[in-house]
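Here is the structure we will look at, set down as structure tokens.
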Amino acid sequence: MTWRNWSGTVTSTPTQVAVPVDAAAAAEVLVRAGAAGRTVRPLGSGHSFSAIGQPTDIAVSLAGLAGVRSHHAPSGKVWVGAGTRLRDLNRALDALGVALPNLGDIDAQTIAGAIATGTHGTGLGLYGIAAAVVGVEIATASGEVLRCVPGDGTFEAARINLGALGIVTALELQTVPAFRLRAVEGPMPLEDVLADPRAFAASADHAEFFWFPHTTVASTRRNHREGAETAPPLPGWRAVLDDEVLTNGVFALVNELGSVAPRLVPTLNRVSAAAMGSRTYADRSHRVFCSPRRVRFVESEYAVPLGSVGDVLRELRAWYGRTRAPIQFPVEVRFVAADDVWLSGAYGRETAYVAVHQYAGSDVGDSFAVFERIVAEHGGRPHWGKQHTLDAAALRAVHPRFDDFLAVRDRLDPGRVLAGPHLERILGA
Ligand SMILES: Cc1cc2nc3c(=O)[nH]c(=O)nc-3n(C[C@H](O)[C@H](O)[C@H](O)COP(=O)(O)OP(=O)(O)OC[C@H]3O[C@@H](n4cnc5c(N)ncnc54)[C@H](O)[C@@H]3O)c2cc1C
């Protein structure tokens with residue numbers, strides 16, 4: 001089997017693929033691997049842009065551990081199998097009358113993979129998905145199956161765990177009653193957003209914007225939790241036109257053109273920004289949060305303190321303007337509240353996530369390196385599932401609980417069964 005991540009930038013051929021049917025079987029895989037001096041990588045859906053999900057020896061598929069295991073209606077807590085895809089989870093939760101409080105852009109990831117890397121959406125009063133975790137079942141290299149709960153010293157590390165502590169076999173999630181979102185999308189001068197990013201972030205329950213380099217417009221998305229005000233869902237033809245034709249079909253053609261004629265990129269970006277247009281509609285929360293992404297791209301994303309986002313964007317804009325860098329994908333900016341998840345980008349600080357992308361078929365040039373230099377000046381923390389070049393020393397400097405995490409890693413996996421070149425770079429040997 002050849003393994004490949006979604007963006008096609010990382011590939012490998014695992015020596016073996018294990019498919020455990022329960023937590024004890026997952027623990028057995030780890031024990032046998034340890035005894036044989038082999039290494040193990042739990043597989044998600046391969047949607048990380050970094051090499052964090054790359055299996056270099058034994059791969060473990062969690063496909064056999066999927067679905068909702070139990071639902072406690074009075075508390076809204078659900079146990080779900082680690083291999084459950086978000087799209088299946090969202091539908092299953094909806095059927096139970098509950099939902100995750102916040103989601104990212106897509107729903108193709110597994111719940112365990114999304115949590116392991118700190119996947120997040122947007123919402124200044126809300127958190128990343130890992131903050132909804134209230135229990136973790138994890139098979140460890142010693143052959144134990146632990147049920148971790150808040151305050152036990154392992155749970156704190158096991159939410160954003162980077163796949164470095166063991167094989168997560170199930171997760172307990174705190175859901176909220178199912179809700180609808182009213183989406184209001186439209187252009188705004190970038191300068192107006194940058195004048196007071198906090199006010200923009202606070203202008204909706206879930207506010208974000210996209211900015212195409214070489215343009216002056218921010219394409220804004222504001223999702224409001226529906227109360228008195230409502231709106232009809234998008235008619236089927238409009239959803240297909242927006243999501244499939246404009247966002248995916250036309251955008252793919254525009255990117256192909258830009259990759260062969262980079263000088264046209266500033267003009268093409270104005271076309272892409274205009275195509276994002278304005279619309280208002282409402283739907284069930286997960287249908288508004290997530291949409292298909294068929295145009296392949298590469299991405300780097302950093303969490304910076306909310307107060308720094310204006311400077312970061314202005315510095316990026318100045319660099320793109322000076323160099324006329326042919327970057328065809330928009331910069332995306334999202335916001336979340338400070339949280340207490342040890343390796344979270346938002347640990348202890350109100351955060352803006354700034355993401356830069358490039359079409360998978362085009363060269364990033366030095367744009368990602370320049371982006372990393374800019375965010376480094378603002379204490380940026382990289383998204384664990386996206387491209388970055390930081391090593392353990394640099395990550396320790398920006399993550400206050402880095403050494404606490406490493407202590408849990410030493411305790412649960414002293415023999416480094418959950419190992420590989422990428423983890424060695426970001427966590428040390
Ligand atoms: C098109 C696209 C859109 C995206 N949108 C967003 C977004 O809106 N917000 C955001 O924050 N991120 C986003 N991402 C990034 C993505 O959410 C993360 O990279 C996420 O980790 C991918 O989940 P996965 O299931 O593919 O995990 P993988 O990438 O396969 O694995 C990630 C890590 O999880 C570990 N892992 C997986 N399962 C287990 C397990 N059972 N036990 C222990 N470790 C495990 C793996 O070993 C690896 O270390 C996006 C990515 C793409 C490609």
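In the structure tokens, chains take the letters A, B, ... in the order shown, each chain's residues start at 1, and ligands count up from 1 in the order shown.
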Counting only C-alpha atoms and all ligand atoms, which residues in chain A sit no more than 7 Å from ligand 1? For each one, give the nearest pair of atoms and the distance in Å, sorted by chain then residue number, as CSV.
```
residue,atom,partner,partner_atom_place_in_ligand_line,distance
A:Trp6,CA,ligand 1,53 (C),5.5
A:Ser7,CA,ligand 1,53 (C),6.5
A:Arg41,CA,ligand 1,47 (O),5.1
A:Pro42,CA,ligand 1,47 (O),4.2
A:Leu43,CA,ligand 1,37 (C),4.8
A:Gly44,CA,ligand 1,30 (O),3.2
A:Ser45,CA,ligand 1,26 (O),3.5
A:Gly46,CA,ligand 1,30 (O),3.4
A:His47,CA,ligand 1,26 (O),3.4
A:Ser48,CA,ligand 1,19 (O),3.3
A:Phe49,CA,ligand 1,19 (O),6.2
A:Ile52,CA,ligand 1,49 (O),4.6
A:Gly53,CA,ligand 1,48 (C),3.8
A:Leu62,CA,ligand 1,41 (N),6.0
A:Ala82,CA,ligand 1,41 (N),5.1
A:Gly83,CA,ligand 1,41 (N),6.3
A:Gly104,CA,ligand 1,8 (O),3.4
A:Asp105,CA,ligand 1,8 (O),3.7
A:Ile106,CA,ligand 1,3 (C),5.3
A:Gln109,CA,ligand 1,25 (O),3.8
A:Thr110,CA,ligand 1,25 (O),3.8
A:Ile111,CA,ligand 1,25 (O),6.4
A:Ala112,CA,ligand 1,38 (N),4.6
A:Gly113,CA,ligand 1,27 (O),3.5
A:Ala114,CA,ligand 1,20 (C),4.0
A:Ile115,CA,ligand 1,21 (O),6.6
A:Ala116,CA,ligand 1,34 (O),4.6
A:Thr117,CA,ligand 1,21 (O),4.7
A:Gly118,CA,ligand 1,11 (O),6.0
A:Thr119,CA,ligand 1,11 (O),3.1
A:His120,CA,ligand 1,11 (O),3.9
A:Gly121,CA,ligand 1,9 (N),5.3
A:Asn161,CA,ligand 1,44 (N),6.8
A:Leu162,CA,ligand 1,49 (O),4.6
A:Gly163,CA,ligand 1,44 (N),3.3
A:Ala164,CA,ligand 1,44 (N),6.8
A:Gly166,CA,ligand 1,43 (C),5.8
A:Ile167,CA,ligand 1,42 (N),3.8
A:Val168,CA,ligand 1,42 (N),3.6
A:Thr169,CA,ligand 1,41 (N),5.5
A:Arg293,CA,ligand 1,1 (C),5.4
A:Gly385,CA,ligand 1,19 (O),3.7
A:Lys386,CA,ligand 1,19 (O),6.2
```
If you run DSSP on the backbone here, which positions in stretch 237-330 of chain A get strand (DSSP E or B)? Please write them as a PyMOL selection string. chain A and resi 279-284+297-305
Nearest-residue call for A:Thr323, choices A:Thr2, A:Thr84, A:Ser367, A:Ser344, using only C-alpha atoms: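 Of the candidates, the smallest distance to A:Thr323 is held by A:Ser367.
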List every residue of stretch 71-150 of chain A that has an atom at most 9 Å from any atom of stretch 189-206 of chain A, giving for each one its closest atom pair and the distance in Å to one decimal, counting only C-alpha atoms, sorted by chain and then by ascending residue number, as a tab-separated table.
```
residue	atom	partner	partner_atom	distance
A:Asn102	CA	A:His206	CA	8.6
A:Gly121	CA	A:His206	CA	8.1
A:Thr122	CA	A:His206	CA	5.2
A:Gly123	CA	A:His206	CA	4.1
A:Leu124	CA	A:Ala201	CA	6.1
A:Gly125	CA	A:Asp205	CA	7.0
A:Leu126	CA	A:Asp205	CA	8.2
```
Restricting the calculation to only C-alpha atoms, which member of A:Thr351, A:Asn90, A:Asn255, A:Gln174 is positioned closest to A:Arg287? A:Asn90
List the neighbours of A:Ala170 out to 9 Å using only C-alpha atoms; skip same-chain residues closer than 3 positions along the sequence, and give me the result as a ChimeraX atom specification. /A:23,65-66,69,79-83,112,135-138
If you run DSSP over the backbone, which residues in stretch 238-336 of chain A end up helix (DSSP H, G or I)? Put them as JSON, numbers by chain. {"A": [238, 239, 240, 241, 242, 243, 244, 245, 246, 247, 248, 249, 250, 251, 252, 253, 254, 255, 256, 257, 258, 259, 260, 262, 263, 264, 265, 266, 267, 268, 269, 270, 271, 272, 273, 274, 275, 276, 285, 286, 287, 288, 289, 306, 307, 308, 309, 310, 311, 312, 313, 314, 315, 316, 317, 318, 319, 320, 321, 322, 323]}
Dump C-alpha atoms for the selected residues as a PDB file, in the first residue's frame?
```pdb
ATOM      1  CA  ARG A 238     -27.149  27.921  -5.884  1.00  0.00           C
ATOM      2  CA  ALA A 239     -25.239  25.554  -3.610  1.00  0.00           C
ATOM      3  CA  VAL A 240     -23.943  23.673  -6.666  1.00  0.00           C
ATOM      4  CA  LEU A 241     -23.111  26.947  -8.469  1.00  0.00           C
ATOM      5  CA  ASP A 242     -21.249  28.392  -5.457  1.00  0.00           C
ATOM      6  CA  ASP A 243     -19.538  25.314  -4.052  1.00  0.00           C
ATOM      7  CA  GLU A 244     -18.890  23.222  -7.132  1.00  0.00           C
ATOM      8  CA  VAL A 245     -18.719  25.657 -10.051  1.00  0.00           C
ATOM      9  CA  LEU A 246     -17.256  28.845  -8.523  1.00  0.00           C
ATOM     10  CA  THR A 247     -15.383  27.628  -5.422  1.00  0.00           C
ATOM     11  CA  ASN A 248     -14.065  24.439  -6.983  1.00  0.00           C
ATOM     12  CA  GLY A 249     -14.548  24.308 -10.795  1.00  0.00           C
ATOM     13  CA  VAL A 250     -13.776  27.875 -11.927  1.00  0.00           C
ATOM     14  CA  PHE A 251     -11.222  28.264  -9.136  1.00  0.00           C
ATOM     15  CA  ALA A 252      -9.356  25.186 -10.448  1.00  0.00           C
ATOM     16  CA  LEU A 253      -9.192  26.723 -13.940  1.00  0.00           C
ATOM     17  CA  VAL A 254      -8.071  30.103 -12.591  1.00  0.00           C
ATOM     18  CA  ASN A 255      -5.293  28.367 -10.647  1.00  0.00           C
ATOM     19  CA  GLU A 256      -4.177  26.332 -13.665  1.00  0.00           C
ATOM     20  CA  LEU A 257      -3.937  29.554 -15.651  1.00  0.00           C
ATOM     21  CA  GLY A 258      -1.997  31.298 -12.886  1.00  0.00           C
ATOM     22  CA  SER A 259       0.447  28.409 -12.587  1.00  0.00           C
ATOM     23  CA  VAL A 260       1.451  28.681 -16.262  1.00  0.00           C
ATOM     24  CA  PRO A 262       2.319  33.795 -12.976  1.00  0.00           C
ATOM     25  CA  ARG A 263       2.314  37.412 -14.216  1.00  0.00           C
ATOM     26  CA  LEU A 264      -1.483  37.182 -14.494  1.00  0.00           C
ATOM     27  CA  VAL A 265      -1.932  36.249 -10.819  1.00  0.00           C
ATOM     28  CA  PRO A 266      -2.802  39.733  -9.468  1.00  0.00           C
ATOM     29  CA  THR A 267      -5.561  40.052 -12.111  1.00  0.00           C
ATOM     30  CA  LEU A 268      -6.746  36.486 -11.585  1.00  0.00           C
ATOM     31  CA  ASN A 269      -6.909  37.079  -7.825  1.00  0.00           C
ATOM     32  CA  ARG A 270      -9.262  39.995  -8.402  1.00  0.00           C
ATOM     33  CA  VAL A 271     -11.487  37.623 -10.409  1.00  0.00           C
ATOM     34  CA  SER A 272     -11.362  34.997  -7.643  1.00  0.00           C
ATOM     35  CA  ALA A 273     -12.170  37.572  -4.936  1.00  0.00           C
ATOM     36  CA  ALA A 274     -15.131  38.885  -6.968  1.00  0.00           C
ATOM     37  CA  ALA A 275     -16.396  35.319  -7.467  1.00  0.00           C
ATOM     38  CA  MET A 276     -16.696  34.861  -3.698  1.00  0.00           C
ATOM     39  CA  SER A 285     -24.621  24.010  11.760  1.00  0.00           C
ATOM     40  CA  HIS A 286     -22.394  21.339  10.195  1.00  0.00           C
ATOM     41  CA  ARG A 287     -23.721  22.063   6.702  1.00  0.00           C
ATOM     42  CA  VAL A 288     -22.730  25.716   7.074  1.00  0.00           C
ATOM     43  CA  PHE A 289     -19.341  25.109   8.725  1.00  0.00           C
ATOM     44  CA  LEU A 306      -5.227  38.421  18.483  1.00  0.00           C
ATOM     45  CA  GLY A 307      -3.581  41.827  19.001  1.00  0.00           C
ATOM     46  CA  SER A 308      -0.862  40.971  16.451  1.00  0.00           C
ATOM     47  CA  VAL A 309      -3.022  39.957  13.510  1.00  0.00           C
ATOM     48  CA  GLY A 310      -3.226  43.439  11.968  1.00  0.00           C
ATOM     49  CA  ASP A 311       0.566  43.767  11.907  1.00  0.00           C
ATOM     50  CA  VAL A 312       1.010  40.248  10.509  1.00  0.00           C
ATOM     51  CA  LEU A 313      -1.395  40.929   7.644  1.00  0.00           C
ATOM     52  CA  ARG A 314       0.159  44.325   6.857  1.00  0.00           C
ATOM     53  CA  GLU A 315       3.659  42.837   6.798  1.00  0.00           C
ATOM     54  CA  LEU A 316       2.495  40.012   4.536  1.00  0.00           C
ATOM     55  CA  ARG A 317       0.720  42.476   2.245  1.00  0.00           C
ATOM     56  CA  ALA A 318       3.839  44.623   1.987  1.00  0.00           C
ATOM     57  CA  TRP A 319       5.949  41.591   1.059  1.00  0.00           C
ATOM     58  CA  TYR A 320       3.472  40.300  -1.545  1.00  0.00           C
ATOM     59  CA  GLY A 321       3.245  43.815  -2.996  1.00  0.00           C
ATOM     60  CA  ARG A 322       7.026  44.322  -3.123  1.00  0.00           C
ATOM     61  CA  THR A 323       7.782  40.975  -4.725  1.00  0.00           C
TER      62      THR A 323
END
```
Quick one: residues within 10 Å of A:Gly186, only C-alpha atoms counted, chain neighbours fewer than 4 positions away excluded, as a compact mmCIF listing (two decimals) with C-alpha atoms, in the first residue's frame?
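Final output, saved to out-v2.txt:
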```txt
# COMPACT_ATOMS: atom_id res chain seq x y z
CA PHE A 209 -12.18 36.39 6.31
CA VAL A 217 -10.89 43.27 -0.44
CA ALA A 218 -11.55 40.89 2.45
CA SER A 219 -14.15 38.24 1.62
CA THR A 220 -15.91 37.91 4.95
CA ARG A 221 -17.95 35.05 6.39
CA ARG A 222 -20.05 35.64 9.45
CA ALA A 274 -15.13 38.89 -6.97
CA MET A 276 -16.70 34.86 -3.70
CA GLY A 277 -19.53 37.41 -3.84
CA SER A 278 -22.29 37.94 -1.28
CA ARG A 279 -24.96 35.60 0.01
CA THR A 280 -27.10 34.94 3.06
```
Could you tell me how far atom CA of A:Ile129 sits from atom CA of A:Val331, in Å to one decimal place? 21.7 Å
Choose the residue, out of A:Ala25, A:Val98, A:Met1, A:Val40, that has the smallest atom-to-atom separation from A:Ala73; count only C-alpha atoms.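 Residue with the minimum atom-to-atom distance to A:Ala73: A:Val98.
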Interatomic distance, atom CA of A:Lys77 to atom CA of A:Asp340 (Å, one decimal): 19.7 Å
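With only C-alpha atoms as the atoms that count, the residue of A:Ala207, A:Ala26, A:Val149, A:Ala407 with the shortest distance to A:Glu332 is A:Ala207.
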Using only C-alpha atoms, can you tell me which of A:Leu234, A:Thr154, A:Val364, A:Ala394 comes closest to A:Leu412?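 For A:Leu412, the nearest of the candidates is A:Thr154.
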Residues at most 6 Å from stretch 29-36 of chain A, counting only C-alpha atoms, excluding those fewer than 3 positions away in the same chain, as a PyMOL selection string? chain A and resi 26+141+143+417
Keeping only N, CA and C atoms, write the selected residues to a file as a PDB file, in the first residue's frame.
```
ATOM      1  N   ALA A  26      -5.509  -2.994  19.687  1.00  0.00           N
ATOM      2  CA  ALA A  26      -4.612  -1.868  19.376  1.00  0.00           C
ATOM      3  C   ALA A  26      -3.404  -1.898  20.313  1.00  0.00           C
ATOM      4  N   ALA A 141       1.869   1.799  24.790  1.00  0.00           N
ATOM      5  CA  ALA A 141       2.940   0.875  24.401  1.00  0.00           C
ATOM      6  C   ALA A 141       3.187  -0.212  25.449  1.00  0.00           C
ATOM      7  N   GLY A 143       0.841  -1.882  26.753  1.00  0.00           N
ATOM      8  CA  GLY A 143      -0.239  -2.856  26.603  1.00  0.00           C
ATOM      9  C   GLY A 143      -1.482  -2.509  27.403  1.00  0.00           C
ATOM     10  N   VAL A 417       7.843   3.795  20.621  1.00  0.00           N
ATOM     11  CA  VAL A 417       7.174   2.985  19.593  1.00  0.00           C
ATOM     12  C   VAL A 417       6.401   3.903  18.639  1.00  0.00           C
TER      13      VAL A 417
END
```
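For stretch 378-384 of chain A, the list of residues within 6 Å, based on only C-alpha atoms and with local chain neighbours fewer than 4 positions off taken out, reads Thr117, Glu301, Tyr302, Ala303, Val304 and Gly345 of chain A.
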Would you save the residues from that selection as a JSON list (two decimals), in the first residue's frame, using all heavy atoms?
```json
[["chain", "number", "residue", "atom", "x", "y", "z"],
["A", 117, "THR", "N", -4.12, 17.01, 16.16],
["A", 117, "THR", "CA", -3.32, 18.12, 15.64],
["A", 117, "THR", "C", -3.89, 19.50, 16.01],
["A", 117, "THR", "O", -3.36, 20.51, 15.58],
["A", 117, "THR", "CB", -3.23, 18.07, 14.10],
["A", 117, "THR", "OG1", -4.56, 18.19, 13.57],
["A", 117, "THR", "CG2", -2.59, 16.78, 13.62],
["A", 301, "GLU", "N", -0.12, 27.33, 8.62],
["A", 301, "GLU", "CA", -1.00, 28.16, 9.45],
["A", 301, "GLU", "C", -0.36, 28.35, 10.82],
["A", 301, "GLU", "O", 0.15, 27.40, 11.41],
["A", 301, "GLU", "CB", -2.37, 27.50, 9.62],
["A", 301, "GLU", "CG", -3.35, 28.37, 10.42],
["A", 301, "GLU", "CD", -4.74, 27.75, 10.52],
["A", 301, "GLU", "OE1", -4.84, 26.56, 10.86],
["A", 301, "GLU", "OE2", -5.73, 28.47, 10.27],
["A", 302, "TYR", "N", -0.41, 29.58, 11.30],
["A", 302, "TYR", "CA", 0.13, 29.88, 12.63],
["A", 302, "TYR", "C", -0.92, 30.58, 13.48],
["A", 302, "TYR", "O", -1.72, 31.38, 12.97],
["A", 302, "TYR", "CB", 1.36, 30.79, 12.51],
["A", 302, "TYR", "CG", 2.67, 30.05, 12.32],
["A", 302, "TYR", "CD1", 2.97, 29.43, 11.12],
["A", 302, "TYR", "CD2", 3.60, 29.98, 13.36],
["A", 302, "TYR", "CE1", 4.17, 28.75, 10.95],
["A", 302, "TYR", "CE2", 4.80, 29.31, 13.20],
["A", 302, "TYR", "CZ", 5.08, 28.70, 12.00],
["A", 302, "TYR", "OH", 6.27, 28.02, 11.84],
["A", 303, "ALA", "N", -0.86, 30.28, 14.78],
["A", 303, "ALA", "CA", -1.68, 30.98, 15.77],
["A", 303, "ALA", "C", -0.86, 32.14, 16.30],
["A", 303, "ALA", "O", 0.27, 31.95, 16.75],
["A", 303, "ALA", "CB", -2.03, 30.02, 16.90],
["A", 304, "VAL", "N", -1.43, 33.35, 16.23],
["A", 304, "VAL", "CA", -0.74, 34.52, 16.80],
["A", 304, "VAL", "C", -1.69, 35.19, 17.79],
["A", 304, "VAL", "O", -2.91, 35.01, 17.71],
["A", 304, "VAL", "CB", -0.32, 35.55, 15.71],
["A", 304, "VAL", "CG1", 0.69, 34.94, 14.75],
["A", 304, "VAL", "CG2", -1.51, 36.09, 14.94],
["A", 345, "GLY", "N", -2.65, 25.93, 19.91],
["A", 345, "GLY", "CA", -2.16, 27.23, 19.45],
["A", 345, "GLY", "C", -2.74, 28.36, 20.27],
["A", 345, "GLY", "O", -2.16, 29.43, 20.38]]
```
